[in-house]
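**Student:** My structure is in coords-v9.txt, and what it holds is compact mmCIF, N, CA and C atoms:
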```txt
# COMPACT_ATOMS: atom_id res chain seq x y z
N MET N 1 11.64 12.90 -2.07
CA MET N 1 11.70 12.08 -3.26
C MET N 1 12.27 10.71 -2.90
N ILE N 2 11.64 9.68 -3.36
CA ILE N 2 12.11 8.31 -3.11
C ILE N 2 13.17 7.96 -4.15
N GLU N 3 14.28 7.42 -3.66
CA GLU N 3 15.34 6.96 -4.55
C GLU N 3 15.28 5.44 -4.62
N PHE N 4 15.56 4.91 -5.80
CA PHE N 4 15.54 3.48 -6.02
C PHE N 4 16.92 3.01 -6.46
N VAL N 5 17.22 1.75 -6.15
CA VAL N 5 18.48 1.15 -6.57
C VAL N 5 18.21 -0.22 -7.16
N GLY N 6 19.08 -0.59 -8.09
CA GLY N 6 19.06 -1.92 -8.67
C GLY N 6 20.25 -2.71 -8.14
N ILE N 7 20.43 -3.88 -8.69
CA ILE N 7 21.49 -4.76 -8.19
C ILE N 7 22.88 -4.15 -8.40
N ALA N 8 23.08 -3.36 -9.46
CA ALA N 8 24.39 -2.73 -9.69
C ALA N 8 24.71 -1.74 -8.57
N GLU N 9 23.73 -0.96 -8.16
CA GLU N 9 23.96 -0.01 -7.07
C GLU N 9 24.15 -0.74 -5.74
N ILE N 10 23.41 -1.81 -5.55
CA ILE N 10 23.56 -2.61 -4.32
C ILE N 10 24.97 -3.19 -4.25
N ARG N 11 25.51 -3.61 -5.39
CA ARG N 11 26.91 -4.09 -5.42
C ARG N 11 27.84 -3.04 -4.84
N ASP N 12 27.68 -1.80 -5.30
CA ASP N 12 28.53 -0.71 -4.80
C ASP N 12 28.29 -0.45 -3.32
N MET N 13 27.04 -0.48 -2.91
CA MET N 13 26.70 -0.23 -1.50
C MET N 13 27.29 -1.29 -0.59
N LEU N 14 27.50 -2.49 -1.13
CA LEU N 14 28.08 -3.59 -0.36
C LEU N 14 29.60 -3.64 -0.49
N GLY N 15 30.18 -2.58 -0.99
CA GLY N 15 31.64 -2.50 -1.05
C GLY N 15 32.24 -3.04 -2.32
N GLY N 16 31.47 -3.11 -3.40
CA GLY N 16 32.01 -3.56 -4.68
C GLY N 16 32.05 -5.07 -4.85
N VAL N 17 31.13 -5.77 -4.21
CA VAL N 17 31.07 -7.22 -4.35
C VAL N 17 30.67 -7.58 -5.78
N SER N 18 30.81 -8.84 -6.14
CA SER N 18 30.43 -9.29 -7.47
C SER N 18 28.91 -9.24 -7.63
N ARG N 19 28.48 -9.24 -8.88
CA ARG N 19 27.04 -9.25 -9.16
C ARG N 19 26.39 -10.50 -8.56
N ALA N 20 27.08 -11.63 -8.68
CA ALA N 20 26.54 -12.87 -8.12
C ALA N 20 26.38 -12.77 -6.60
N ARG N 21 27.38 -12.21 -5.92
CA ARG N 21 27.31 -12.07 -4.46
C ARG N 21 26.20 -11.11 -4.07
N ALA N 22 26.07 -10.01 -4.80
CA ALA N 22 24.99 -9.06 -4.51
C ALA N 22 23.63 -9.72 -4.68
N SER N 23 23.49 -10.56 -5.69
CA SER N 23 22.23 -11.27 -5.91
C SER N 23 21.92 -12.24 -4.78
N VAL N 24 22.96 -12.91 -4.27
CA VAL N 24 22.78 -13.82 -3.13
C VAL N 24 22.31 -13.04 -1.91
N VAL N 25 22.95 -11.91 -1.64
CA VAL N 25 22.56 -11.08 -0.49
C VAL N 25 21.12 -10.60 -0.67
N ALA N 26 20.78 -10.12 -1.87
CA ALA N 26 19.45 -9.58 -2.12
C ALA N 26 18.36 -10.64 -2.04
N SER N 27 18.73 -11.90 -2.16
CA SER N 27 17.73 -12.97 -2.08
C SER N 27 17.56 -13.52 -0.66
N ARG N 28 18.33 -13.00 0.28
CA ARG N 28 18.16 -13.44 1.68
C ARG N 28 16.77 -13.11 2.19
N ARG N 29 16.26 -13.96 3.06
CA ARG N 29 14.92 -13.72 3.61
C ARG N 29 14.82 -12.42 4.39
N ASP N 30 15.93 -12.01 5.01
CA ASP N 30 15.89 -10.79 5.83
C ASP N 30 16.21 -9.52 5.03
N PHE N 31 16.52 -9.66 3.74
CA PHE N 31 16.77 -8.49 2.91
C PHE N 31 15.43 -7.86 2.53
N PRO N 32 15.39 -6.54 2.38
CA PRO N 32 14.11 -5.90 2.03
C PRO N 32 13.50 -6.47 0.75
N GLU N 33 12.19 -6.52 0.72
CA GLU N 33 11.48 -6.95 -0.49
C GLU N 33 11.70 -5.89 -1.57
N PRO N 34 11.83 -6.33 -2.82
CA PRO N 34 11.94 -5.34 -3.89
C PRO N 34 10.69 -4.46 -3.93
N TYR N 35 10.89 -3.21 -4.29
CA TYR N 35 9.75 -2.29 -4.46
C TYR N 35 8.96 -2.69 -5.69
N GLN N 36 9.68 -3.10 -6.74
CA GLN N 36 9.04 -3.46 -8.00
C GLN N 36 9.91 -4.45 -8.74
N ARG N 37 9.27 -5.35 -9.48
CA ARG N 37 9.98 -6.27 -10.36
C ARG N 37 9.69 -5.83 -11.79
N LEU N 38 10.74 -5.40 -12.48
CA LEU N 38 10.61 -4.90 -13.85
C LEU N 38 11.23 -5.91 -14.80
N ILE N 39 10.99 -5.75 -16.09
CA ILE N 39 11.61 -6.63 -17.07
C ILE N 39 13.13 -6.58 -16.94
N MET N 40 13.67 -5.39 -16.68
CA MET N 40 15.12 -5.22 -16.58
C MET N 40 15.67 -5.73 -15.25
N GLY N 41 14.83 -6.02 -14.30
CA GLY N 41 15.27 -6.52 -13.00
C GLY N 41 14.50 -5.88 -11.87
N GLN N 42 14.89 -6.23 -10.68
CA GLN N 42 14.21 -5.72 -9.49
C GLN N 42 14.81 -4.39 -9.06
N ILE N 43 13.98 -3.58 -8.40
CA ILE N 43 14.47 -2.34 -7.79
C ILE N 43 14.01 -2.31 -6.34
N TRP N 44 14.82 -1.66 -5.52
CA TRP N 44 14.55 -1.53 -4.09
C TRP N 44 14.56 -0.06 -3.74
N ARG N 45 13.88 0.29 -2.65
CA ARG N 45 14.01 1.63 -2.10
C ARG N 45 15.42 1.73 -1.50
N LYS N 46 16.12 2.78 -1.87
CA LYS N 46 17.49 2.96 -1.38
C LYS N 46 17.51 3.01 0.14
N SER N 47 16.54 3.68 0.74
CA SER N 47 16.51 3.80 2.20
C SER N 47 16.35 2.44 2.88
N ASP N 48 15.59 1.53 2.26
CA ASP N 48 15.42 0.18 2.83
C ASP N 48 16.75 -0.58 2.80
N VAL N 49 17.46 -0.46 1.69
CA VAL N 49 18.75 -1.15 1.57
C VAL N 49 19.77 -0.54 2.54
N GLU N 50 19.78 0.78 2.65
CA GLU N 50 20.70 1.44 3.59
C GLU N 50 20.42 1.00 5.02
N ALA N 51 19.16 0.88 5.39
CA ALA N 51 18.80 0.43 6.74
C ALA N 51 19.27 -1.00 6.97
N TRP N 52 19.11 -1.85 5.96
CA TRP N 52 19.54 -3.25 6.09
C TRP N 52 21.05 -3.31 6.26
N ILE N 53 21.78 -2.54 5.47
CA ILE N 53 23.24 -2.52 5.57
C ILE N 53 23.66 -2.02 6.96
N LYS N 54 23.01 -0.99 7.45
CA LYS N 54 23.36 -0.45 8.77
C LYS N 54 23.18 -1.51 9.85
N LYS N 55 22.15 -2.33 9.73
CA LYS N 55 21.88 -3.36 10.73
C LYS N 55 22.76 -4.60 10.55
N HIS N 56 22.92 -5.06 9.31
CA HIS N 56 23.57 -6.34 9.06
C HIS N 56 25.02 -6.24 8.62
N ARG N 57 25.42 -5.08 8.13
CA ARG N 57 26.81 -4.87 7.69
C ARG N 57 27.27 -3.49 8.16
N PRO N 58 27.29 -3.26 9.47
CA PRO N 58 27.58 -1.92 9.99
C PRO N 58 28.95 -1.38 9.54
N ASP N 59 29.88 -2.26 9.22
CA ASP N 59 31.18 -1.80 8.77
C ASP N 59 31.11 -1.10 7.41
N LEU N 60 30.01 -1.31 6.67
CA LEU N 60 29.84 -0.69 5.37
C LEU N 60 28.96 0.56 5.41
N ALA N 61 28.28 0.78 6.51
CA ALA N 61 27.35 1.91 6.63
C ALA N 61 28.12 3.22 6.65
N ASP N 62 27.58 4.22 5.99
CA ASP N 62 28.19 5.56 6.01
C ASP N 62 28.09 6.16 7.39
N GLY N 63 29.10 6.90 7.73
CA GLY N 63 29.06 7.62 9.02
C GLY N 63 29.54 6.76 10.09
```
Hey, can you dump this file as structure tokens for me?
**Tutor:**
Amino acid sequence: MIEFVGIAEIRDMLGGVSRARASVVASRRDFPEPYQRLIMGQIWRKSDVEAWIKKHRPDLADG
């Protein structure tokens, strides 16, 4: 089953950063493309975000 995350979940995954900071990170060219853009906002595949964090923010990666 594919899991999806929005900007609120990405905030938590990045260690509780502000919504504005999470939006800045999510708009980086090297951040995964959103899976879908909805009226309520963008969503990403959780696995894509986890892979990005593991590569770019290894101090935040689980394990």
**Student:** Determine which residues of segment 8-48 of chain N receive a DSSP assignment of strand (DSSP E), computed from the backbone, and state them as a list in words.
**Tutor:**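 Matching residues for strand (DSSP E) in segment 8-48 of chain N are Gln36, Arg37, Leu38, Gly41, Gln42, Ile43, Trp44 and Arg45 of chain N.
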**Student:** Can you pull out the residues contacting Asp30 of chain N? Cut-off 10 Å, using only C-alpha atoms, and skip same-chain residues under 4 positions away; I want them as a list in words.
**Tutor:**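 Answer for this query is Val25, Ala26, Trp52 and His56 of chain N.
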**Student:** Could you please take those selected residues and save N, CA and C atoms as a PDB file, in the frame of the given file?
**Tutor:**
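Done, and the output landed in selection.pdb:
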```pdb
ATOM      1  N   VAL N  25      22.950 -11.910  -1.640  1.00  0.00           N
ATOM      2  CA  VAL N  25      22.560 -11.080  -0.490  1.00  0.00           C
ATOM      3  C   VAL N  25      21.120 -10.600  -0.670  1.00  0.00           C
ATOM      4  N   ALA N  26      20.780 -10.120  -1.870  1.00  0.00           N
ATOM      5  CA  ALA N  26      19.450  -9.580  -2.120  1.00  0.00           C
ATOM      6  C   ALA N  26      18.360 -10.640  -2.040  1.00  0.00           C
ATOM      7  N   TRP N  52      19.110  -1.850   5.960  1.00  0.00           N
ATOM      8  CA  TRP N  52      19.540  -3.250   6.090  1.00  0.00           C
ATOM      9  C   TRP N  52      21.050  -3.310   6.260  1.00  0.00           C
ATOM     10  N   HIS N  56      22.920  -5.060   9.310  1.00  0.00           N
ATOM     11  CA  HIS N  56      23.570  -6.340   9.060  1.00  0.00           C
ATOM     12  C   HIS N  56      25.020  -6.240   8.620  1.00  0.00           C
TER      13      HIS N  56
END
```
**Student:** Do you have the atom CA of Asp12 of chain N-atom CA of Met40 of chain N distance handy?
**Tutor:**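 Separating atom CA of Asp12 of chain N from atom CA of Met40 of chain N is a distance of 18.4 Å.
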**Student:** Please report, as a list of chain:residue names, each residue of chain N to which DSSP assigns helix (DSSP H, G or I) when run on this structure's backbone.
**Tutor:** N:Ile7, N:Ala8, N:Glu9, N:Ile10, N:Arg11, N:Asp12, N:Met13, N:Arg19, N:Ala20, N:Arg21, N:Ala22, N:Ser23, N:Val24, N:Val25, N:Ala26, N:Lys46, N:Ser47, N:Asp48, N:Val49, N:Glu50, N:Ala51, N:Trp52, N:Ile53, N:Lys54, N:Lys55, N:His56, N:Pro58, N:Asp59, N:Leu60
**Student:** Pick the closest to Asp48 of chain N from N:Arg19, N:Pro32, N:Ser27, N:Leu14: which is it, counting only N, CA and C atoms?
**Tutor:** N:Pro32
**Student:** To one decimal place in Å, what is the distance between atom CA of Gln42 of chain N and atom CA of Gly6 of chain N?
**Tutor:**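 Distance reported for this atom pair: 6.2 Å.
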**Student:** Any idea what the distance is between atom CA of Val49 of chain N and atom CA of Arg37 of chain N?
**Tutor:**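 Computed distance, atom CA of Val49 of chain N to atom CA of Arg37 of chain N, equals 15.7 Å.
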**Student:** Build an axis-aligned box that encloses every atom of segment 8-23 of chain N listed in the file, pad it by 5 Å on each side, and report its centre and edge lengths in Å to one decimal, as AutoDock Vina command-line options.
**Tutor:**
```
--center_x 27.1 --center_y -6.4 --center_z -5.0 --size_x 20.3 --size_y 22.9 --size_z 19.3
```
**Student:** Do a neighbour search on Ala61 of chain N at 9 Å with only C-alpha atoms, toss out local chain neighbours closer than 5 positions, and write the hits as a PyMOL selection string.
**Tutor:** chain N and resi 13-14+50-51+53-55
**Student:** Take segment 32-52 of chain N, model N, CA, C and O atoms, and hand the result over as a PDB file, keeping the file's coordinate frame.
**Tutor:**
```
ATOM      1  N   PRO N  32      15.390  -6.540   2.380  1.00  0.00           N
ATOM      2  CA  PRO N  32      14.110  -5.900   2.030  1.00  0.00           C
ATOM      3  C   PRO N  32      13.500  -6.470   0.750  1.00  0.00           C
ATOM      4  O   PRO N  32      14.227  -6.840  -0.179  1.00  0.00           O
ATOM      5  N   GLU N  33      12.190  -6.520   0.720  1.00  0.00           N
ATOM      6  CA  GLU N  33      11.480  -6.950  -0.490  1.00  0.00           C
ATOM      7  C   GLU N  33      11.700  -5.890  -1.570  1.00  0.00           C
ATOM      8  O   GLU N  33      11.739  -4.696  -1.274  1.00  0.00           O
ATOM      9  N   PRO N  34      11.830  -6.330  -2.820  1.00  0.00           N
ATOM     10  CA  PRO N  34      11.940  -5.340  -3.890  1.00  0.00           C
ATOM     11  C   PRO N  34      10.690  -4.460  -3.930  1.00  0.00           C
ATOM     12  O   PRO N  34       9.582  -4.917  -3.645  1.00  0.00           O
ATOM     13  N   TYR N  35      10.890  -3.210  -4.290  1.00  0.00           N
ATOM     14  CA  TYR N  35       9.750  -2.290  -4.460  1.00  0.00           C
ATOM     15  C   TYR N  35       8.960  -2.690  -5.690  1.00  0.00           C
ATOM     16  O   TYR N  35       7.731  -2.656  -5.692  1.00  0.00           O
ATOM     17  N   GLN N  36       9.680  -3.100  -6.740  1.00  0.00           N
ATOM     18  CA  GLN N  36       9.040  -3.460  -8.000  1.00  0.00           C
ATOM     19  C   GLN N  36       9.910  -4.450  -8.740  1.00  0.00           C
ATOM     20  O   GLN N  36      11.138  -4.409  -8.638  1.00  0.00           O
ATOM     21  N   ARG N  37       9.270  -5.350  -9.480  1.00  0.00           N
ATOM     22  CA  ARG N  37       9.980  -6.270 -10.360  1.00  0.00           C
ATOM     23  C   ARG N  37       9.690  -5.830 -11.790  1.00  0.00           C
ATOM     24  O   ARG N  37       8.544  -5.856 -12.226  1.00  0.00           O
ATOM     25  N   LEU N  38      10.740  -5.400 -12.480  1.00  0.00           N
ATOM     26  CA  LEU N  38      10.610  -4.900 -13.850  1.00  0.00           C
ATOM     27  C   LEU N  38      11.230  -5.910 -14.800  1.00  0.00           C
ATOM     28  O   LEU N  38      11.959  -6.811 -14.381  1.00  0.00           O
ATOM     29  N   ILE N  39      10.990  -5.750 -16.090  1.00  0.00           N
ATOM     30  CA  ILE N  39      11.610  -6.630 -17.070  1.00  0.00           C
ATOM     31  C   ILE N  39      13.130  -6.580 -16.940  1.00  0.00           C
ATOM     32  O   ILE N  39      13.800  -7.600 -17.030  1.00  0.00           O
ATOM     33  N   MET N  40      13.670  -5.390 -16.680  1.00  0.00           N
ATOM     34  CA  MET N  40      15.120  -5.220 -16.580  1.00  0.00           C
ATOM     35  C   MET N  40      15.670  -5.730 -15.250  1.00  0.00           C
ATOM     36  O   MET N  40      16.878  -5.839 -15.093  1.00  0.00           O
ATOM     37  N   GLY N  41      14.830  -6.020 -14.300  1.00  0.00           N
ATOM     38  CA  GLY N  41      15.270  -6.520 -13.000  1.00  0.00           C
ATOM     39  C   GLY N  41      14.500  -5.880 -11.870  1.00  0.00           C
ATOM     40  O   GLY N  41      13.572  -5.101 -12.089  1.00  0.00           O
ATOM     41  N   GLN N  42      14.890  -6.230 -10.680  1.00  0.00           N
ATOM     42  CA  GLN N  42      14.210  -5.720  -9.490  1.00  0.00           C
ATOM     43  C   GLN N  42      14.810  -4.390  -9.060  1.00  0.00           C
ATOM     44  O   GLN N  42      15.983  -4.110  -9.317  1.00  0.00           O
ATOM     45  N   ILE N  43      13.980  -3.580  -8.400  1.00  0.00           N
ATOM     46  CA  ILE N  43      14.470  -2.340  -7.790  1.00  0.00           C
ATOM     47  C   ILE N  43      14.010  -2.310  -6.340  1.00  0.00           C
ATOM     48  O   ILE N  43      12.977  -2.871  -5.987  1.00  0.00           O
ATOM     49  N   TRP N  44      14.820  -1.660  -5.520  1.00  0.00           N
ATOM     50  CA  TRP N  44      14.550  -1.530  -4.090  1.00  0.00           C
ATOM     51  C   TRP N  44      14.560  -0.060  -3.740  1.00  0.00           C
ATOM     52  O   TRP N  44      15.226   0.744  -4.387  1.00  0.00           O
ATOM     53  N   ARG N  45      13.880   0.290  -2.650  1.00  0.00           N
ATOM     54  CA  ARG N  45      14.010   1.630  -2.100  1.00  0.00           C
ATOM     55  C   ARG N  45      15.420   1.730  -1.500  1.00  0.00           C
ATOM     56  O   ARG N  45      15.825   0.892  -0.705  1.00  0.00           O
ATOM     57  N   LYS N  46      16.120   2.780  -1.870  1.00  0.00           N
ATOM     58  CA  LYS N  46      17.490   2.960  -1.380  1.00  0.00           C
ATOM     59  C   LYS N  46      17.510   3.010   0.140  1.00  0.00           C
ATOM     60  O   LYS N  46      18.394   2.430   0.779  1.00  0.00           O
ATOM     61  N   SER N  47      16.540   3.680   0.740  1.00  0.00           N
ATOM     62  CA  SER N  47      16.510   3.800   2.200  1.00  0.00           C
ATOM     63  C   SER N  47      16.350   2.440   2.880  1.00  0.00           C
ATOM     64  O   SER N  47      16.924   2.207   3.944  1.00  0.00           O
ATOM     65  N   ASP N  48      15.590   1.530   2.260  1.00  0.00           N
ATOM     66  CA  ASP N  48      15.420   0.180   2.830  1.00  0.00           C
ATOM     67  C   ASP N  48      16.750  -0.580   2.800  1.00  0.00           C
ATOM     68  O   ASP N  48      17.110  -1.253   3.770  1.00  0.00           O
ATOM     69  N   VAL N  49      17.460  -0.460   1.690  1.00  0.00           N
ATOM     70  CA  VAL N  49      18.750  -1.150   1.570  1.00  0.00           C
ATOM     71  C   VAL N  49      19.770  -0.540   2.540  1.00  0.00           C
ATOM     72  O   VAL N  49      20.513  -1.270   3.203  1.00  0.00           O
ATOM     73  N   GLU N  50      19.780   0.780   2.650  1.00  0.00           N
ATOM     74  CA  GLU N  50      20.700   1.440   3.590  1.00  0.00           C
ATOM     75  C   GLU N  50      20.420   1.000   5.020  1.00  0.00           C
ATOM     76  O   GLU N  50      21.364   0.751   5.787  1.00  0.00           O
ATOM     77  N   ALA N  51      19.160   0.880   5.390  1.00  0.00           N
ATOM     78  CA  ALA N  51      18.800   0.430   6.740  1.00  0.00           C
ATOM     79  C   ALA N  51      19.270  -1.000   6.970  1.00  0.00           C
ATOM     80  O   ALA N  51      19.766  -1.345   8.045  1.00  0.00           O
ATOM     81  N   TRP N  52      19.110  -1.850   5.960  1.00  0.00           N
ATOM     82  CA  TRP N  52      19.540  -3.250   6.090  1.00  0.00           C
ATOM     83  C   TRP N  52      21.050  -3.310   6.260  1.00  0.00           C
ATOM     84  O   TRP N  52      21.555  -4.043   7.122  1.00  0.00           O
TER      85      TRP N  52
END
```
